[in-house]
$ cat my_file.tsv   # TSV, C-alpha atoms and all ligand atoms
chain	number	residue	atom	x	y	z
A	1	MET	CA	119.78	-109.55	122.02
A	2	LYS	CA	122.50	-110.71	124.40
A	3	PHE	CA	125.15	-113.39	123.89
A	4	TYR	CA	125.96	-115.81	126.73
A	5	THR	CA	128.86	-118.21	127.15
A	6	LEU	CA	128.15	-121.54	128.90
A	7	ASP	CA	129.96	-120.10	131.89
A	8	MET	CA	127.76	-117.00	132.01
A	9	LEU	CA	124.67	-119.18	131.62
A	10	LYS	CA	125.48	-121.21	134.78
A	11	LYS	CA	124.31	-118.35	136.99
A	12	TYR	CA	120.77	-118.43	135.57
A	13	ASN	CA	119.87	-121.67	137.28
A	14	GLY	CA	116.66	-120.54	139.01
A	15	ARG	CA	118.26	-120.60	142.44
A	16	ASN	CA	118.95	-117.76	144.90
A	17	GLY	CA	116.50	-115.49	143.12
A	18	ASN	CA	118.15	-115.93	139.71
A	19	PRO	CA	115.96	-116.45	136.64
A	20	SER	CA	115.93	-119.82	134.85
A	21	TYR	CA	117.51	-119.74	131.40
A	22	ILE	CA	118.03	-122.77	129.20
A	23	ALA	CA	120.09	-123.06	126.04
A	24	PHE	CA	118.64	-125.03	123.16
A	25	LYS	CA	120.13	-125.26	119.65
A	26	GLY	CA	122.18	-122.10	120.17
A	27	LYS	CA	119.31	-120.02	121.53
A	28	ILE	CA	118.61	-119.01	125.14
A	29	TYR	CA	115.07	-119.17	126.49
A	30	ASP	CA	113.73	-117.78	129.75
A	31	VAL	CA	111.59	-120.48	131.42
A	32	SER	CA	111.34	-118.71	134.80
A	33	LYS	CA	107.58	-118.38	134.52
A	34	SER	CA	106.96	-122.08	133.92
A	35	PHE	CA	105.22	-124.13	136.60
A	36	LEU	CA	107.38	-127.04	135.44
A	37	TRP	CA	110.70	-125.25	135.90
A	38	LYS	CA	110.25	-124.14	139.52
A	39	ASN	CA	113.58	-123.31	141.20
A	40	GLY	CA	115.27	-124.07	137.88
A	41	LYS	CA	114.52	-127.79	138.08
A	42	HIS	CA	112.54	-129.76	135.53
A	43	GLN	CA	111.00	-133.17	136.26
A	44	ALA	CA	113.70	-134.01	138.82
A	45	LEU	CA	116.09	-134.66	135.94
A	46	HIS	CA	117.19	-131.36	134.42
A	47	SER	CA	118.47	-128.01	135.63
A	48	ALA	CA	118.37	-124.55	134.11
A	49	GLY	CA	121.62	-122.67	133.46
A	50	MET	CA	122.77	-125.29	130.98
A	51	ASP	CA	122.72	-126.26	127.32
A	52	LEU	CA	119.97	-128.92	127.12
A	53	THR	CA	120.06	-129.58	123.38
A	54	GLU	CA	121.34	-133.15	123.80
A	55	ALA	CA	119.09	-133.84	126.81
A	56	LEU	CA	115.93	-133.10	124.83
A	57	LYS	CA	116.63	-136.05	122.56
A	58	LYS	CA	115.73	-138.37	125.44
A	59	ALA	CA	112.74	-136.32	126.63
A	60	PRO	CA	109.12	-137.46	126.17
A	61	HIS	CA	108.32	-134.31	124.19
A	62	GLY	CA	109.63	-132.16	121.37
A	63	GLU	CA	111.02	-128.67	121.06
A	64	ASP	CA	107.68	-126.91	120.51
A	65	PHE	CA	107.32	-126.67	124.30
A	66	ILE	CA	110.53	-124.65	124.53
A	67	LYS	CA	109.64	-122.25	121.75
A	68	ARG	CA	106.63	-121.01	123.71
A	69	PHE	CA	109.01	-119.21	126.07
A	70	PRO	CA	110.71	-115.85	125.51
A	71	LEU	CA	113.89	-116.00	123.45
A	72	ILE	CA	116.29	-113.77	125.34
A	73	GLY	CA	119.67	-114.40	123.74
A	74	TYR	CA	122.13	-116.64	121.93
A	75	LEU	CA	124.80	-119.03	123.02
A	76	LYS	CA	128.37	-117.83	122.39
A	77	ILE	CA	130.69	-120.75	121.71
B	1	MET	CA	111.09	-149.32	153.56
B	2	ALA	CA	111.80	-152.48	151.59
B	3	LYS	CA	115.59	-152.46	151.97
B	4	VAL	CA	116.53	-155.23	149.61
B	5	ALA	CA	113.93	-154.16	147.06
B	6	ARG	CA	115.56	-150.71	146.99
B	7	GLU	CA	119.04	-152.19	146.84
B	8	MET	CA	118.07	-154.28	143.80
B	9	VAL	CA	116.92	-151.16	141.99
B	10	GLU	CA	120.11	-149.31	142.90
B	11	ARG	CA	122.24	-152.24	141.76
B	12	ALA	CA	120.42	-152.23	138.43
B	13	GLY	CA	121.89	-148.75	137.91
B	14	ILE	CA	118.90	-146.55	138.70
B	15	ASP	CA	119.36	-143.33	140.67
B	16	VAL	CA	116.65	-144.17	143.21
B	17	ASP	CA	116.46	-140.66	144.66
B	18	LYS	CA	115.73	-139.21	141.21
B	19	LEU	CA	113.21	-141.96	140.52
B	20	LEU	CA	111.53	-141.24	143.85
B	21	GLU	CA	111.34	-137.54	143.07
B	22	LEU	CA	109.64	-138.38	139.78
B	23	LEU	CA	107.21	-140.79	141.46
B	24	ILE	CA	106.30	-138.19	144.08
B	25	LYS	CA	105.84	-135.51	141.40
B	26	ASN	CA	103.56	-137.80	139.44
B	27	ALA	CA	101.64	-138.75	142.58
B	28	ALA	CA	101.16	-135.01	143.15
B	29	ALA	CA	99.94	-134.65	139.57
B	30	GLU	CA	97.37	-137.41	140.13
B	31	LEU	CA	95.98	-136.04	143.37
B	32	THR	CA	95.84	-132.45	142.14
B	33	THR	CA	94.25	-133.60	138.88
B	34	TYR	CA	91.63	-135.43	140.92
B	35	TYR	CA	90.91	-132.14	142.67
B	36	TYR	CA	90.86	-129.97	139.52
B	37	TYR	CA	88.79	-132.54	137.62
B	38	THR	CA	86.17	-132.29	140.37
B	39	ILE	CA	85.70	-128.63	139.42
B	40	LEU	CA	85.87	-129.31	135.69
B	41	ARG	CA	83.28	-132.06	136.02
B	42	ALA	CA	80.96	-129.80	138.03
B	43	ASN	CA	81.08	-127.32	135.16
B	44	LEU	CA	80.29	-129.84	132.46
B	45	ILE	CA	76.66	-128.88	132.18
B	46	GLY	CA	73.98	-128.49	129.54
B	47	LEU	CA	73.53	-130.56	126.41
B	48	GLU	CA	77.21	-130.65	125.50
B	49	GLY	CA	78.59	-130.85	129.02
B	50	GLU	CA	76.39	-133.75	130.11
B	51	THR	CA	77.73	-135.86	127.21
B	52	ILE	CA	81.24	-135.68	128.64
B	53	LYS	CA	80.48	-135.59	132.36
B	54	GLU	CA	80.47	-139.36	132.87
B	55	ILE	CA	83.74	-139.86	131.06
B	56	ALA	CA	85.39	-137.00	132.97
B	57	GLU	CA	84.20	-138.65	136.18
B	58	ILE	CA	85.82	-141.97	135.23
B	59	ALA	CA	89.10	-140.22	134.46
B	60	ARG	CA	88.84	-138.37	137.77
B	61	ILE	CA	88.32	-141.56	139.79
B	62	GLU	CA	91.07	-143.39	137.93
B	63	ASP	CA	93.52	-140.55	138.54
B	64	ARG	CA	92.80	-140.82	142.25
B	65	ASN	CA	93.41	-144.57	141.95
B	66	HIS	CA	96.78	-143.81	140.37
B	67	PHE	CA	97.69	-141.70	143.38
B	68	GLU	CA	96.66	-144.53	145.71
B	69	ALA	CA	98.67	-147.05	143.70
B	70	LEU	CA	101.82	-144.90	143.60
B	71	VAL	CA	102.02	-144.14	147.31
B	72	PRO	CA	102.99	-147.65	148.54
B	73	ARG	CA	105.80	-147.85	145.97
B	74	ILE	CA	107.15	-144.47	147.11
B	75	TYR	CA	107.38	-145.67	150.72
B	76	GLU	CA	108.76	-149.08	149.76
B	77	LEU	CA	111.65	-147.39	148.01
B	78	GLY	CA	112.36	-145.22	151.04
B	79	GLY	CA	110.59	-142.05	149.92
B	80	LYS	CA	107.78	-140.09	151.55
B	81	LEU	CA	105.11	-137.56	150.71
B	82	PRO	CA	105.73	-133.99	151.88
B	83	ASN	CA	103.91	-133.00	155.08
B	84	ASP	CA	102.75	-129.78	153.49
B	85	MET	CA	99.91	-130.15	151.00
B	86	LYS	CA	100.79	-126.81	149.34
B	87	GLU	CA	104.32	-128.01	148.73
B	88	PHE	CA	102.89	-131.23	147.27
B	89	HIS	CA	100.65	-129.27	144.90
B	90	ASP	CA	103.50	-127.09	143.69
B	91	MET	CA	105.82	-129.97	142.93
B	92	SER	CA	103.36	-131.64	140.55
B	93	ALA	CA	104.80	-133.14	137.36
B	94	CYS	CA	101.99	-131.46	135.42
B	95	PRO	CA	100.59	-127.93	135.47
B	96	PRO	CA	97.28	-127.37	137.33
B	97	ALA	CA	94.26	-128.39	135.21
B	98	ARG	CA	92.42	-125.17	136.02
B	99	LEU	CA	88.97	-124.23	134.83
B	100	PRO	CA	89.38	-122.34	131.52
B	101	GLU	CA	88.42	-118.67	131.30
B	102	LYS	CA	85.95	-119.34	128.50
B	103	LEU	CA	83.52	-121.77	130.08
B	104	ASN	CA	82.23	-124.23	127.53
B	105	ALA	CA	82.52	-127.96	126.95
B	106	LYS	CA	85.15	-127.63	124.22
B	107	GLU	CA	87.45	-125.46	126.32
B	108	ILE	CA	87.08	-127.83	129.28
B	109	LEU	CA	87.85	-130.77	126.99
B	110	LYS	CA	91.07	-129.04	125.91
B	111	VAL	CA	92.16	-128.75	129.56
B	112	LEU	CA	91.31	-132.42	130.12
B	113	VAL	CA	93.20	-133.66	127.08
B	114	GLU	CA	96.29	-131.56	127.90
B	115	ALA	CA	96.34	-132.96	131.44
B	116	GLU	CA	96.18	-136.50	130.10
B	117	ARG	CA	98.90	-135.81	127.55
B	118	CYS	CA	101.18	-134.53	130.27
B	119	ALA	CA	100.55	-137.73	132.25
B	120	VAL	CA	101.25	-139.91	129.21
B	121	ARG	CA	104.61	-138.17	128.85
B	122	GLY	CA	105.43	-138.58	132.53
B	123	TYR	CA	104.71	-142.32	132.72
B	124	THR	CA	106.45	-142.97	129.42
B	125	GLN	CA	109.55	-141.46	131.02
B	126	ILE	CA	109.21	-143.61	134.15
B	127	CYS	CA	108.72	-146.73	132.02
B	128	ASN	CA	111.80	-145.84	129.96
B	129	MET	CA	113.88	-145.34	133.11
B	130	THR	CA	112.77	-148.54	134.82
B	131	ALA	CA	112.36	-151.01	131.94
B	132	GLY	CA	114.36	-154.17	132.62
B	133	LYS	CA	115.73	-152.66	135.86
B	134	ASP	CA	113.01	-151.94	138.39
B	135	HIS	CA	110.34	-154.48	137.53
B	136	ARG	CA	107.78	-153.46	140.13
B	137	THR	CA	107.86	-149.71	139.37
B	138	TYR	CA	107.80	-150.52	135.67
B	139	ASP	CA	104.75	-152.76	136.06
B	140	LEU	CA	102.96	-150.03	138.02
B	141	ALA	CA	103.95	-147.18	135.66
B	142	LEU	CA	102.91	-149.27	132.65
B	143	ALA	CA	99.51	-150.01	134.20
B	144	ILE	CA	98.97	-146.31	134.86
B	145	LEU	CA	100.23	-145.40	131.38
B	146	ASN	CA	97.65	-147.76	129.84
B	147	GLU	CA	94.85	-145.89	131.57
B	148	GLU	CA	96.25	-142.43	130.82
B	149	ILE	CA	96.46	-143.29	127.13
B	150	GLU	CA	92.83	-144.35	127.17
B	151	HIS	CA	91.81	-141.12	128.90
B	152	GLU	CA	93.70	-139.09	126.31
B	153	SER	CA	92.00	-140.92	123.46
B	154	TRP	CA	88.52	-140.43	124.93
B	155	PHE	CA	88.89	-136.68	125.26
B	156	SER	CA	90.68	-136.43	121.94
B	157	GLU	CA	87.74	-138.19	120.27
B	158	PHE	CA	85.32	-135.63	121.69
B	159	LEU	CA	87.53	-132.85	120.34
B	160	GLY	CA	87.08	-134.29	116.87
B	161	GLU	CA	90.63	-135.59	116.50
B	162	GLY	CA	89.49	-139.05	115.42
B	163	PRO	CA	88.06	-142.23	117.00
B	164	SER	CA	89.43	-143.41	120.33
B	165	GLY	CA	89.14	-147.00	119.17
B	166	HIS	CA	87.38	-148.28	122.25
B	167	PHE	CA	84.26	-148.25	124.34
B	168	MET	CA	83.70	-146.58	127.65
B	169	ARG	CA	84.31	-148.55	130.82
B	170	ARG	CA	81.49	-150.94	131.59
B	171	GLY	CA	80.81	-150.68	135.28
B	172	GLU	CA	84.39	-150.98	136.44
B	173	THR	CA	87.21	-148.49	136.80
B	174	SER	CA	90.98	-148.90	136.55
B	175	PRO	CA	91.13	-152.18	134.58
B	176	PHE	CA	94.94	-152.00	134.53
B	177	VAL	CA	95.74	-150.43	137.91
B	178	SER	CA	93.20	-152.28	140.08
B	179	LYS	CA	95.65	-155.11	140.80
B	180	PHE	CA	97.75	-152.60	142.73
B	181	LEU	CA	94.81	-151.45	144.81
B	182	LYS	CA	93.81	-154.75	146.34
A	201	LIG	C1	113.75	-136.80	130.24
A	201	LIG	C2	113.52	-135.61	130.63
A	201	LIG	C3	112.25	-134.84	130.54
A	201	LIG	C4	110.99	-135.16	130.96
A	201	LIG	C5	110.54	-136.41	131.69
A	201	LIG	C6	110.13	-134.03	130.62
A	201	LIG	C7	108.78	-133.99	130.87
A	201	LIG	C8	107.97	-132.93	130.59
A	201	LIG	C9	106.53	-132.92	130.76
A	201	LIG	C10	105.69	-134.09	131.31
A	201	LIG	C11	106.10	-131.72	130.36
A	201	LIG	C12	104.64	-131.25	130.34
A	201	LIG	C13	104.11	-131.59	128.98
A	201	LIG	C14	102.65	-131.38	128.81
A	201	LIG	O1	102.09	-130.45	129.40
A	201	LIG	O2	102.06	-132.19	128.07
A	201	LIG	C15	107.23	-130.94	129.96
A	201	LIG	C16	107.19	-129.64	129.53
A	201	LIG	C17	108.29	-128.92	129.17
A	201	LIG	N1	109.60	-129.37	129.05
A	201	LIG	FE1	110.23	-131.20	129.53
A	201	LIG	N2	110.88	-133.06	129.99
A	201	LIG	C18	112.17	-133.52	129.93
A	201	LIG	C19	113.24	-132.86	129.38
A	201	LIG	C20	113.22	-131.57	128.94
A	201	LIG	C21	114.36	-130.84	128.44
A	201	LIG	C22	115.76	-131.43	128.26
A	201	LIG	C23	113.93	-129.57	128.16
A	201	LIG	C24	114.69	-128.40	127.59
A	201	LIG	C25	115.54	-128.52	126.59
A	201	LIG	C26	112.52	-129.50	128.49
A	201	LIG	C27	111.74	-128.38	128.39
A	201	LIG	C28	110.39	-128.32	128.67
A	201	LIG	C29	109.59	-127.13	128.55
A	201	LIG	C30	110.09	-125.74	128.19
A	201	LIG	C31	108.28	-127.50	128.87
A	201	LIG	C32	107.03	-126.60	128.88
A	201	LIG	C33	106.79	-126.10	130.27
A	201	LIG	C34	105.55	-125.26	130.37
A	201	LIG	O3	104.72	-125.23	129.44
A	201	LIG	O4	105.39	-124.58	131.42
A	201	LIG	N3	112.13	-130.73	128.96
A	201	LIG	N4	108.36	-131.72	130.08

$ encode --input "my_file.tsv" --output "structure tokens" --more "lines below"
Ligand code: HEM
Amino acid sequence: MKFYTLDMLKKYNGRNGNPSYIAFKGKIYDVSKSFLWKNGKHQALHSAGMDLTEALKKAPHGEDFIKRFPLIGYLKI
Amino acid sequence: MAKVAREMVERAGIDVDKLLELLIKNAAAELTTYYYYTILRANLIGLEGETIKEIAEIARIEDRNHFEALVPRIYELGGKLPNDMKEFHDMSACPPARLPEKLNAKEILKVLVEAERCAVRGYTQICNMTAGKDHRTYDLALAILNEEIEHESWFSEFLGEGPSGHFMRRGETSPFVSKFLK
């Protein structure tokens, strides 16, 4: 399993053919296949390529949605 | 566009472009749900299917009403619907409510309840963003949310998750949203 810094993660924002990765509680998930993360954007409010742990606290759903996606690495702090 | 109406929302601290994107995405979810529910409803057949058909039809019509009610607010705030219907479909705030592979009433009910749950989440977010700031969008989103919650509870009841707590509509549709359709 690969380790990513926040800087490395930035590239995986779903744009220019890049996959969409999101960091959540130290883990990196690949949400590229999600209908709701097209072009790395989610509900007009969030972008892939970032740590979204804090953002989820204000979301109208819990973390179970994230855990359905492939875990592809860990966040290196 | 209602210039001052938009300005008031901006001055209340709302990012109107983001709000508009959310409204358009939810309008897309409503219209596509209306379409997918047409297919789901057509496949609600037999002893079990017939029991749910009427209720699926009410949810279908009310979702179309939600689309109709959202559109004026989108244009008032300076937004617009995409010209391309395919683009509109793909930007939906909820995944397509496609016919399940295993075709039976229970599997169709699961698709219906998931679609409603997604909508409940979406309008809760819009209410949270607009509460005390954009009164008209809040009023509209709250009216839609009321109906989406009822839809969720109807389908959930049929899935055996417990009583919905209310009766079916009696002759009318959209008791909360109809004021925006007049
Ligand atoms: C306030 C912001 C947010 C809103 C309005 C929002 C809204 C939604 C909605 C409506 C759904 C569909 C739920 C359903 O099908 O019932 C969803 C799914 C999802 N959300 Fe969010 N969400 C937000 C923030 C987040 C954040 C911060 C993350 C990541 C940490 C996230 C990750 C996901 C994932 C992975 C899914 C599942 C997508 C799928 O199944 O294809 N969301 N979100």

$ interface_residues --input "my_file.tsv" --of "chain B" --to "chain A" --cutoff "9 Å" --atoms "all atoms listed in the file" --output "number ranges by chain"
B: 18-19, 21-22, 25, 90-96, 120-122, 124-125

$ atom_distance --input "my_file.tsv" --atom1 "CA of Ser178 in chain B" --atom2 "atom FE1 of ligand LIG 201 (chain A)"
29.1 Å

$ atom_distance --input "my_file.tsv" --atom1 "CA of Lys41 in chain A" --atom2 "CA of Leu140 in chain B"
25.1 Å

$ closest_residue --input "my_file.tsv" --among "A:His46, A:Lys11, A:Val31, A:Phe24" --to "Glu63 in chain A" --atoms "all atoms listed in the file"
A:Phe24

$ closest_residue --input "my_file.tsv" --among "A:Gly17, A:Gly26, A:Gly62, A:Gly73" --to "ligand LIG 201 (chain A)" --atoms "only C-alpha atoms and all ligand atoms"
A:Gly62

$ residues_around --input "my_file.tsv" --residues "Val177 in chain B" --least-positions-apart "6" --cutoff "8 Å" --atoms "only C-alpha atoms" --output "list in words"
Asn65, His66, Ala69, Leu140, Ala143, Ile144 and Glu147 of chain B

$ residues_around --input "my_file.tsv" --residues "Glu57 in chain B" --least-positions-apart "2" --cutoff "10 Å" --atoms "only C-alpha atoms" --output "ChimeraX atom specification"
/B:34,37-38,40-42,52-55,59-63

$ atom_distance --input "my_file.tsv" --atom1 "CA of Ala2 in chain B" --atom2 "CA of Leu77 in chain B"
6.2 Å

$ build_atoms --input "my_file.tsv" --residues "range 44-63 of chain B" --atoms "N, CA, C and O atoms" --output "PDB file, keeping the file's coordinate frame"
ATOM      1  N   LEU B  44      80.728-129.210 133.713  1.00  0.00           N
ATOM      2  CA  LEU B  44      80.290-129.840 132.460  1.00  0.00           C
ATOM      3  C   LEU B  44      78.773-129.968 132.522  1.00  0.00           C
ATOM      4  O   LEU B  44      78.228-130.961 133.018  1.00  0.00           O
ATOM      5  N   ILE B  45      78.121-128.930 132.054  1.00  0.00           N
ATOM      6  CA  ILE B  45      76.660-128.880 132.180  1.00  0.00           C
ATOM      7  C   ILE B  45      76.013-128.605 130.820  1.00  0.00           C
ATOM      8  O   ILE B  45      76.708-128.271 129.861  1.00  0.00           O
ATOM      9  N   GLY B  46      74.715-128.759 130.779  1.00  0.00           N
ATOM     10  CA  GLY B  46      73.980-128.490 129.540  1.00  0.00           C
ATOM     11  C   GLY B  46      74.110-129.650 128.576  1.00  0.00           C
ATOM     12  O   GLY B  46      74.710-130.688 128.895  1.00  0.00           O
ATOM     13  N   LEU B  47      73.564-129.469 127.388  1.00  0.00           N
ATOM     14  CA  LEU B  47      73.530-130.560 126.410  1.00  0.00           C
ATOM     15  C   LEU B  47      74.914-131.102 126.091  1.00  0.00           C
ATOM     16  O   LEU B  47      75.141-132.301 126.071  1.00  0.00           O
ATOM     17  N   GLU B  48      75.863-130.206 125.855  1.00  0.00           N
ATOM     18  CA  GLU B  48      77.210-130.650 125.500  1.00  0.00           C
ATOM     19  C   GLU B  48      77.963-131.194 126.704  1.00  0.00           C
ATOM     20  O   GLU B  48      78.633-132.218 126.628  1.00  0.00           O
ATOM     21  N   GLY B  49      77.858-130.475 127.815  1.00  0.00           N
ATOM     22  CA  GLY B  49      78.590-130.850 129.020  1.00  0.00           C
ATOM     23  C   GLY B  49      78.197-132.215 129.553  1.00  0.00           C
ATOM     24  O   GLY B  49      79.057-133.036 129.903  1.00  0.00           O
ATOM     25  N   GLU B  50      76.895-132.477 129.572  1.00  0.00           N
ATOM     26  CA  GLU B  50      76.390-133.750 130.110  1.00  0.00           C
ATOM     27  C   GLU B  50      76.963-134.943 129.342  1.00  0.00           C
ATOM     28  O   GLU B  50      77.193-136.004 129.918  1.00  0.00           O
ATOM     29  N   THR B  51      77.196-134.768 128.040  1.00  0.00           N
ATOM     30  CA  THR B  51      77.730-135.860 127.210  1.00  0.00           C
ATOM     31  C   THR B  51      79.089-136.316 127.733  1.00  0.00           C
ATOM     32  O   THR B  51      79.449-137.486 127.621  1.00  0.00           O
ATOM     33  N   ILE B  52      79.847-135.389 128.264  1.00  0.00           N
ATOM     34  CA  ILE B  52      81.240-135.680 128.640  1.00  0.00           C
ATOM     35  C   ILE B  52      81.383-135.933 130.141  1.00  0.00           C
ATOM     36  O   ILE B  52      82.385-136.476 130.595  1.00  0.00           O
ATOM     37  N   LYS B  53      80.367-135.546 130.893  1.00  0.00           N
ATOM     38  CA  LYS B  53      80.480-135.590 132.360  1.00  0.00           C
ATOM     39  C   LYS B  53      80.892-136.980 132.883  1.00  0.00           C
ATOM     40  O   LYS B  53      81.802-137.120 133.688  1.00  0.00           O
ATOM     41  N   GLU B  54      80.227-137.994 132.399  1.00  0.00           N
ATOM     42  CA  GLU B  54      80.470-139.360 132.870  1.00  0.00           C
ATOM     43  C   GLU B  54      81.916-139.782 132.624  1.00  0.00           C
ATOM     44  O   GLU B  54      82.584-140.358 133.480  1.00  0.00           O
ATOM     45  N   ILE B  55      82.393-139.447 131.444  1.00  0.00           N
ATOM     46  CA  ILE B  55      83.740-139.860 131.060  1.00  0.00           C
ATOM     47  C   ILE B  55      84.789-139.082 131.874  1.00  0.00           C
ATOM     48  O   ILE B  55      85.829-139.624 132.289  1.00  0.00           O
ATOM     49  N   ALA B  56      84.482-137.811 132.134  1.00  0.00           N
ATOM     50  CA  ALA B  56      85.390-137.000 132.970  1.00  0.00           C
ATOM     51  C   ALA B  56      85.416-137.570 134.390  1.00  0.00           C
ATOM     52  O   ALA B  56      86.460-137.589 135.044  1.00  0.00           O
ATOM     53  N   GLU B  57      84.279-138.073 134.836  1.00  0.00           N
ATOM     54  CA  GLU B  57      84.200-138.650 136.180  1.00  0.00           C
ATOM     55  C   GLU B  57      85.052-139.929 136.259  1.00  0.00           C
ATOM     56  O   GLU B  57      85.755-140.147 137.248  1.00  0.00           O
ATOM     57  N   ILE B  58      85.008-140.739 135.205  1.00  0.00           N
ATOM     58  CA  ILE B  58      85.820-141.970 135.230  1.00  0.00           C
ATOM     59  C   ILE B  58      87.305-141.619 135.271  1.00  0.00           C
ATOM     60  O   ILE B  58      88.076-142.189 136.051  1.00  0.00           O
ATOM     61  N   ALA B  59      87.689-140.642 134.451  1.00  0.00           N
ATOM     62  CA  ALA B  59      89.100-140.220 134.460  1.00  0.00           C
ATOM     63  C   ALA B  59      89.490-139.680 135.826  1.00  0.00           C
ATOM     64  O   ALA B  59      90.584-139.939 136.334  1.00  0.00           O
ATOM     65  N   ARG B  60      88.577-138.950 136.437  1.00  0.00           N
ATOM     66  CA  ARG B  60      88.840-138.370 137.770  1.00  0.00           C
ATOM     67  C   ARG B  60      89.079-139.483 138.798  1.00  0.00           C
ATOM     68  O   ARG B  60      90.073-139.472 139.528  1.00  0.00           O
ATOM     69  N   ILE B  61      88.193-140.460 138.825  1.00  0.00           N
ATOM     70  CA  ILE B  61      88.320-141.560 139.790  1.00  0.00           C
ATOM     71  C   ILE B  61      89.586-142.376 139.517  1.00  0.00           C
ATOM     72  O   ILE B  61      90.310-142.759 140.437  1.00  0.00           O
ATOM     73  N   GLU B  62      89.878-142.596 138.247  1.00  0.00           N
ATOM     74  CA  GLU B  62      91.070-143.390 137.930  1.00  0.00           C
ATOM     75  C   GLU B  62      92.344-142.633 138.291  1.00  0.00           C
ATOM     76  O   GLU B  62      93.331-143.240 138.710  1.00  0.00           O
ATOM     77  N   ASP B  63      92.330-141.316 138.144  1.00  0.00           N
ATOM     78  CA  ASP B  63      93.520-140.550 138.540  1.00  0.00           C
ATOM     79  C   ASP B  63      93.736-140.645 140.051  1.00  0.00           C
ATOM     80  O   ASP B  63      94.867-140.775 140.515  1.00  0.00           O
TER      81      ASP B  63
END
